[in-house]
2 protein chains.
Amino acid sequence: MVIVADSYPLDTPSPYPAAEIARAWRRERPGTPTDSIEIVTPLWRLAKLFADDRRRLLADLGVDPATLDLLSVLRRAGAPYELTTRELSRLTLVTAGAISQRVARAEDSGLVTRRNADDGSRAVVVTLTETGHDMIERTVDQVLTRESELVASLSPTGRAELASQLQELLDDVGRRARKP
Amino acid sequence: MVIVADSYPLDTPSPYPAAEIARAWRRERPGTPTDSIEIVTPLWRLAKLFADDRRRLLADLGVDPATLDLLSVLRRAGAPYELTTRELSRLTLVTAGAISQRVARAEDSGLVTRRNADDGSRAVVVTLTETGHDMIERTVDQVLTRESELVASLSPTGRAELASQLQELLDDVGRRARKP
DNA sequence: GTCTAAATGTTTAGCTCTAAACGTAGCATG
DNA sequence: CATGCTACGTTTAGAGCTAAACATTTAGAC
């Protein structure tokens with residue numbers, strides 16, 4: 001049995017590169033399809049690095065990531081900063097239950113208000129309050145500036161190219177992925 | 001005020017493309033650096049799609065993702081399938097506390113054992129049991145086969161190219177990102 | 001030897017999420 | 001009108017994670 005631990009140092013500051021993981025599986029279980037590993041693994045790790053970094057920045061600012069996500073979507077929608085919970089769920093990719101909880105928290109903090117839609121449906125409309133608007137304005141520049149620094153190694157063309165590849169893959173995986 | 005909701009339909013089955021989000025912020029807050037958005041947003045969404053899809057597959061198989069992650073790292077390490085908790089923490093990118101909980105759960109289920117290292121350090125060595133080994137063997141092919149299907153739209157060269165761009169970005173972001 | 005600093009693993013408090021169970025409000029059909 | 005279907009939002013149970021507080025051991029410094 002080939003021992004990966006023998007061929008790659010275990011005390012490096014970062015985890016194995018994905019190529020090494022794929023190689024390890026091919027050795028340990030020949031025949032297993034490993035072609036997704038070099039895409040999925042770095043993708044997850046990058047997402048986690050960005051998420052952890054953002055969470056720490058936001059913790060300093062006294063905001064939590066879920067609330068920022070909610071307020072951002074409302075803010076981006078433009079005046080009058082309103083969306084239904086259903087739209088919020090779709091735009092943020094979290095379940096309706098989670099939206100319900102997020103909105104409840106934000107409402108308790110006075111960042112949004114909730115009211116029934118008047119269009120005959122049962123929809124609930126969530127509106128950004130002035131407090132919520134202020135919070136977003138205070139925060140978003142810092143978050144985006146920070147994240148801009150994190151991707152600073154990419155050249156404009158390299159960034160555009162990677163962005164389009166990711167968006168293309170996202171569209172495709174979105175069609176194939178199993179829904180709730 | 002430009003209203004994004006006016007220029008992009010709200011009832012599409014998927015969320016806005018990242019380019020649309022970046023454009024919305026440039027309109028709503030000119031001057032805010034938006035160059036990270038087209039990288040970070042699709043990255044997060046892809047990571048979530050893959051994570052959700054895997055979680056659902058694993059639920060059918062009666063496994064939870066955190067345990068699979070733990071067992072996978074041990075399995076890939078090759079015989080005798082042992083790593084210290086510190087190494088596990090680094091290889092899986094989760095905190096020491098989370099590893100402690102994961103190992104405790106897996107130990108309760110008889111999937112791993114725990115013992116003190118005999119090399120004079122205080123390290124705890126985690127070892128895969130036969131039950132744990134069986135569980136991983138039963139599961140990993142299905143997971144990797146499924147994920148291989150999800151990235152099937154990529155050509156071999158396209159996949160290799162994307163993989164290397166991601167790995168490069170990961171290495172760089174790993175250096176810049178804020179650590180705990 | 002004694003004391004202190006560094007290294008490690010564990011426990012706990014607080015959050016957030018998903019899935020599933022609920023509770024209802026529109027709506028169509030007969 | 002009843003009846004049942006469908007669409008939606010909310011609540012709840014159970015998991016898992018992070019950060020921080022702990023606890024304990026090892027290794028030096030003197």
# chains A, B, ... in the order shown; residues from 1 in each chain; ligands from 1

$ interface_residues --of "chain B" --to "chain A" --cutoff "6 Å" --atoms "only C-alpha atoms" --output "ChimeraX atom specification"
/B:3-5,15,24,32-33,36,38-39,42,44,46-47,53,76-78,91,141,145,147-148,150,163,167,170,173,178

$ closest_atom_pairs --of "chain D" --to "chain A" --cutoff "12 Å" --atoms "only C-alpha atoms (C1' of nucleotides)" --output "JSON lines"
{"residue": "D:DA7", "atom": "C1'", "partner": "A:Arg122", "partner_atom": "CA", "distance": 8.3}
{"residue": "D:DC8", "atom": "C1'", "partner": "A:Arg122", "partner_atom": "CA", "distance": 6.5}
{"residue": "D:DG9", "atom": "C1'", "partner": "A:Ser100", "partner_atom": "CA", "distance": 7.3}
{"residue": "D:DT10", "atom": "C1'", "partner": "A:Ser100", "partner_atom": "CA", "distance": 6.8}
{"residue": "D:DT11", "atom": "C1'", "partner": "A:Gly97", "partner_atom": "CA", "distance": 8.7}
{"residue": "D:DT12", "atom": "C1'", "partner": "A:Gly97", "partner_atom": "CA", "distance": 10.6}
{"residue": "D:DC17", "atom": "C1'", "partner": "A:Asp52", "partner_atom": "CA", "distance": 11.2}
{"residue": "D:DT18", "atom": "C1'", "partner": "A:Asp52", "partner_atom": "CA", "distance": 9.5}
{"residue": "D:DA19", "atom": "C1'", "partner": "A:Arg56", "partner_atom": "CA", "distance": 10.5}

$ write_last_selection --atoms "N, CA, C and O atoms (P, O5', C5', C4', C3', O3' and C1' of nucleotides)" --output "short mmCIF file (atom, residue, chain, number, x, y, z; two decimals), in the first residue's frame"
data_model
loop_
_atom_site.label_atom_id
_atom_site.label_comp_id
_atom_site.auth_asym_id
_atom_site.auth_seq_id
_atom_site.Cartn_x
_atom_site.Cartn_y
_atom_site.Cartn_z
P DA D 7 -47.97 24.88 -6.38
"O5'" DA D 7 -47.88 26.22 -5.53
"C5'" DA D 7 -48.86 27.24 -5.72
"C4'" DA D 7 -48.71 28.26 -4.61
"C3'" DA D 7 -47.26 28.61 -4.29
"O3'" DA D 7 -47.19 30.01 -4.05
"C1'" DA D 7 -48.32 27.84 -2.34
P DC D 8 -45.82 30.80 -4.28
"O5'" DC D 8 -45.39 31.00 -2.79
"C5'" DC D 8 -46.15 30.41 -1.80
"C4'" DC D 8 -46.18 31.27 -0.56
"C3'" DC D 8 -44.76 31.51 -0.03
"O3'" DC D 8 -44.68 32.79 0.56
"C1'" DC D 8 -45.97 30.06 1.44
P DG D 9 -43.28 33.32 1.10
"O5'" DG D 9 -43.45 33.11 2.66
"C5'" DG D 9 -44.44 33.90 3.32
"C4'" DG D 9 -44.56 33.49 4.78
"C3'" DG D 9 -43.27 33.60 5.60
"O3'" DG D 9 -43.60 34.22 6.84
"C1'" DG D 9 -44.12 31.39 5.71
P DT D 10 -42.49 34.40 7.96
"O5'" DT D 10 -42.74 33.10 8.86
"C5'" DT D 10 -44.06 32.85 9.32
"C4'" DT D 10 -44.06 31.79 10.41
"C3'" DT D 10 -42.94 31.89 11.45
"O3'" DT D 10 -43.51 31.61 12.71
"C1'" DT D 10 -42.89 29.77 10.44
P DT D 11 -42.67 31.78 14.05
"O5'" DT D 11 -42.51 30.27 14.51
"C5'" DT D 11 -43.63 29.41 14.45
"C4'" DT D 11 -43.23 27.99 14.83
"C3'" DT D 11 -42.18 27.87 15.94
"O3'" DT D 11 -42.63 26.86 16.83
"C1'" DT D 11 -41.46 26.69 14.01
P DT D 12 -41.84 26.56 18.17
"O5'" DT D 12 -41.06 25.21 17.79
"C5'" DT D 12 -41.77 24.19 17.10
"C4'" DT D 12 -40.88 22.99 16.87
"C3'" DT D 12 -39.80 22.77 17.93
"O3'" DT D 12 -39.70 21.37 18.14
"C1'" DT D 12 -38.79 22.96 15.81
P DC D 17 -18.17 20.36 11.91
"O5'" DC D 17 -18.05 21.95 12.06
"C5'" DC D 17 -18.82 22.77 11.19
"C4'" DC D 17 -18.57 24.21 11.50
"C3'" DC D 17 -17.21 24.44 12.15
"O3'" DC D 17 -16.51 25.54 11.62
"C1'" DC D 17 -18.95 25.18 13.59
P DT D 18 -14.98 25.75 12.12
"O5'" DT D 18 -15.18 27.05 13.00
"C5'" DT D 18 -15.77 28.20 12.41
"C4'" DT D 18 -15.90 29.30 13.44
"C3'" DT D 18 -14.57 29.68 14.09
"O3'" DT D 18 -14.46 31.10 14.12
"C1'" DT D 18 -16.14 29.01 15.75
P DA D 19 -13.06 31.78 14.50
"O5'" DA D 19 -13.29 32.20 16.01
"C5'" DA D 19 -14.50 32.86 16.33
"C4'" DA D 19 -14.59 33.05 17.83
"C3'" DA D 19 -13.27 33.40 18.52
"O3'" DA D 19 -13.55 34.38 19.50
"C1'" DA D 19 -14.15 31.40 19.46
#

$ interface_residues --of "chain C" --to "chain B" --cutoff "10 Å" --atoms "only C-alpha atoms (C1' of nucleotides)" --output "list in words"
DA7, DT8, DG9, DT10, DT11 and DT18 of chain C

$ residues_around --residues "DA13 of chain D" --least-positions-apart "5" --cutoff "12 Å" --atoms "only C-alpha atoms (C1' of nucleotides)" --output "PyMOL selection string"
chain C and resi 18-21

$ write_last_selection --atoms "N, CA and C atoms (P, O5', C5', C4', C3', O3' and C1' of nucleotides)" --output "PDB file, in the first residue's frame"
ATOM      1  P    DT C  18     -29.429  26.395   4.651  1.00  0.00           P
ATOM      2  O5'  DT C  18     -29.865  24.899   4.987  1.00  0.00           O
ATOM      3  C5'  DT C  18     -28.895  23.873   4.920  1.00  0.00           C
ATOM      4  C4'  DT C  18     -29.502  22.557   5.358  1.00  0.00           C
ATOM      5  C3'  DT C  18     -30.763  22.174   4.586  1.00  0.00           C
ATOM      6  O3'  DT C  18     -30.660  20.811   4.189  1.00  0.00           O
ATOM      7  C1'  DT C  18     -31.226  22.251   6.922  1.00  0.00           C
ATOM      8  P    DA C  19     -31.671  20.216   3.110  1.00  0.00           P
ATOM      9  O5'  DA C  19     -32.703  19.419   4.025  1.00  0.00           O
ATOM     10  C5'  DA C  19     -32.186  18.532   5.007  1.00  0.00           C
ATOM     11  C4'  DA C  19     -33.315  18.000   5.854  1.00  0.00           C
ATOM     12  C3'  DA C  19     -34.599  17.661   5.089  1.00  0.00           C
ATOM     13  O3'  DA C  19     -35.099  16.441   5.617  1.00  0.00           O
ATOM     14  C1'  DA C  19     -35.081  19.247   6.779  1.00  0.00           C
ATOM     15  P    DA C  20     -36.351  15.721   4.912  1.00  0.00           P
ATOM     16  O5'  DA C  20     -37.459  15.873   6.036  1.00  0.00           O
ATOM     17  C5'  DA C  20     -37.069  15.760   7.409  1.00  0.00           C
ATOM     18  C4'  DA C  20     -38.189  16.243   8.291  1.00  0.00           C
ATOM     19  C3'  DA C  20     -39.576  15.985   7.719  1.00  0.00           C
ATOM     20  O3'  DA C  20     -40.442  15.655   8.798  1.00  0.00           O
ATOM     21  C1'  DA C  20     -39.353  18.261   8.165  1.00  0.00           C
ATOM     22  P    DA C  21     -41.865  14.965   8.481  1.00  0.00           P
ATOM     23  O5'  DA C  21     -42.754  15.701   9.567  1.00  0.00           O
ATOM     24  C5'  DA C  21     -42.201  15.942  10.864  1.00  0.00           C
ATOM     25  C4'  DA C  21     -42.872  17.152  11.482  1.00  0.00           C
ATOM     26  C3'  DA C  21     -44.394  17.132  11.311  1.00  0.00           C
ATOM     27  O3'  DA C  21     -44.993  17.575  12.522  1.00  0.00           O
ATOM     28  C1'  DA C  21     -43.526  19.142  10.450  1.00  0.00           C
TER      29       DA C  21
END

$ select_by_dssp --residues "segment 68-178 of chain A" --states "strand (DSSP E)" --output "list in words"
Glu82, Leu83, Thr84, Val112, Thr113, Arg114, Arg115, Asn116, Val124, Val125, Val126, Thr127 and Leu128 of chain A

$ write_last_selection --atoms "C-alpha atoms" --output "PDB file, in the first residue's frame"
ATOM      1  CA  GLU A  82     -38.115  45.659  -0.670  1.00  0.00           C
ATOM      2  CA  LEU A  83     -38.228  41.967  -1.552  1.00  0.00           C
ATOM      3  CA  THR A  84     -40.466  39.075  -0.596  1.00  0.00           C
ATOM      4  CA  VAL A 112     -35.838  45.531   8.477  1.00  0.00           C
ATOM      5  CA  THR A 113     -39.614  45.494   8.720  1.00  0.00           C
ATOM      6  CA  ARG A 114     -42.054  42.859   7.606  1.00  0.00           C
ATOM      7  CA  ARG A 115     -45.548  43.220   6.187  1.00  0.00           C
ATOM      8  CA  ASN A 116     -47.986  41.232   4.127  1.00  0.00           C
ATOM      9  CA  VAL A 124     -44.394  38.650   3.048  1.00  0.00           C
ATOM     10  CA  VAL A 125     -42.540  41.781   1.992  1.00  0.00           C
ATOM     11  CA  VAL A 126     -39.326  42.659   3.808  1.00  0.00           C
ATOM     12  CA  THR A 127     -38.209  46.293   3.758  1.00  0.00           C
ATOM     13  CA  LEU A 128     -34.885  47.803   4.755  1.00  0.00           C
TER      14      LEU A 128
END

$ closest_residue --among "A:Gly62, A:Gly120, A:Leu70, A:Met135" --to "DC27 of chain C" --atoms "only C-alpha atoms (C1' of nucleotides)"
A:Gly120

$ select_by_dssp --residues "chain A" --states "helix (DSSP H, G or I)" --output "ChimeraX atom specification"
/A:4-7,18-28,37-61,65-76,85-92,96-108,130-150,156-176

$ atom_distance --atom1 "atom CA of Leu68 of chain B" --atom2 "atom C1' of DT16 of chain C"
21.3 Å

$ residues_around --residues "DA6 of chain C" --least-positions-apart "6" --cutoff "12 Å" --atoms "only C-alpha atoms (C1' of nucleotides)" --output "list in words"
DT25, DT26, DA27 and DG28 of chain D
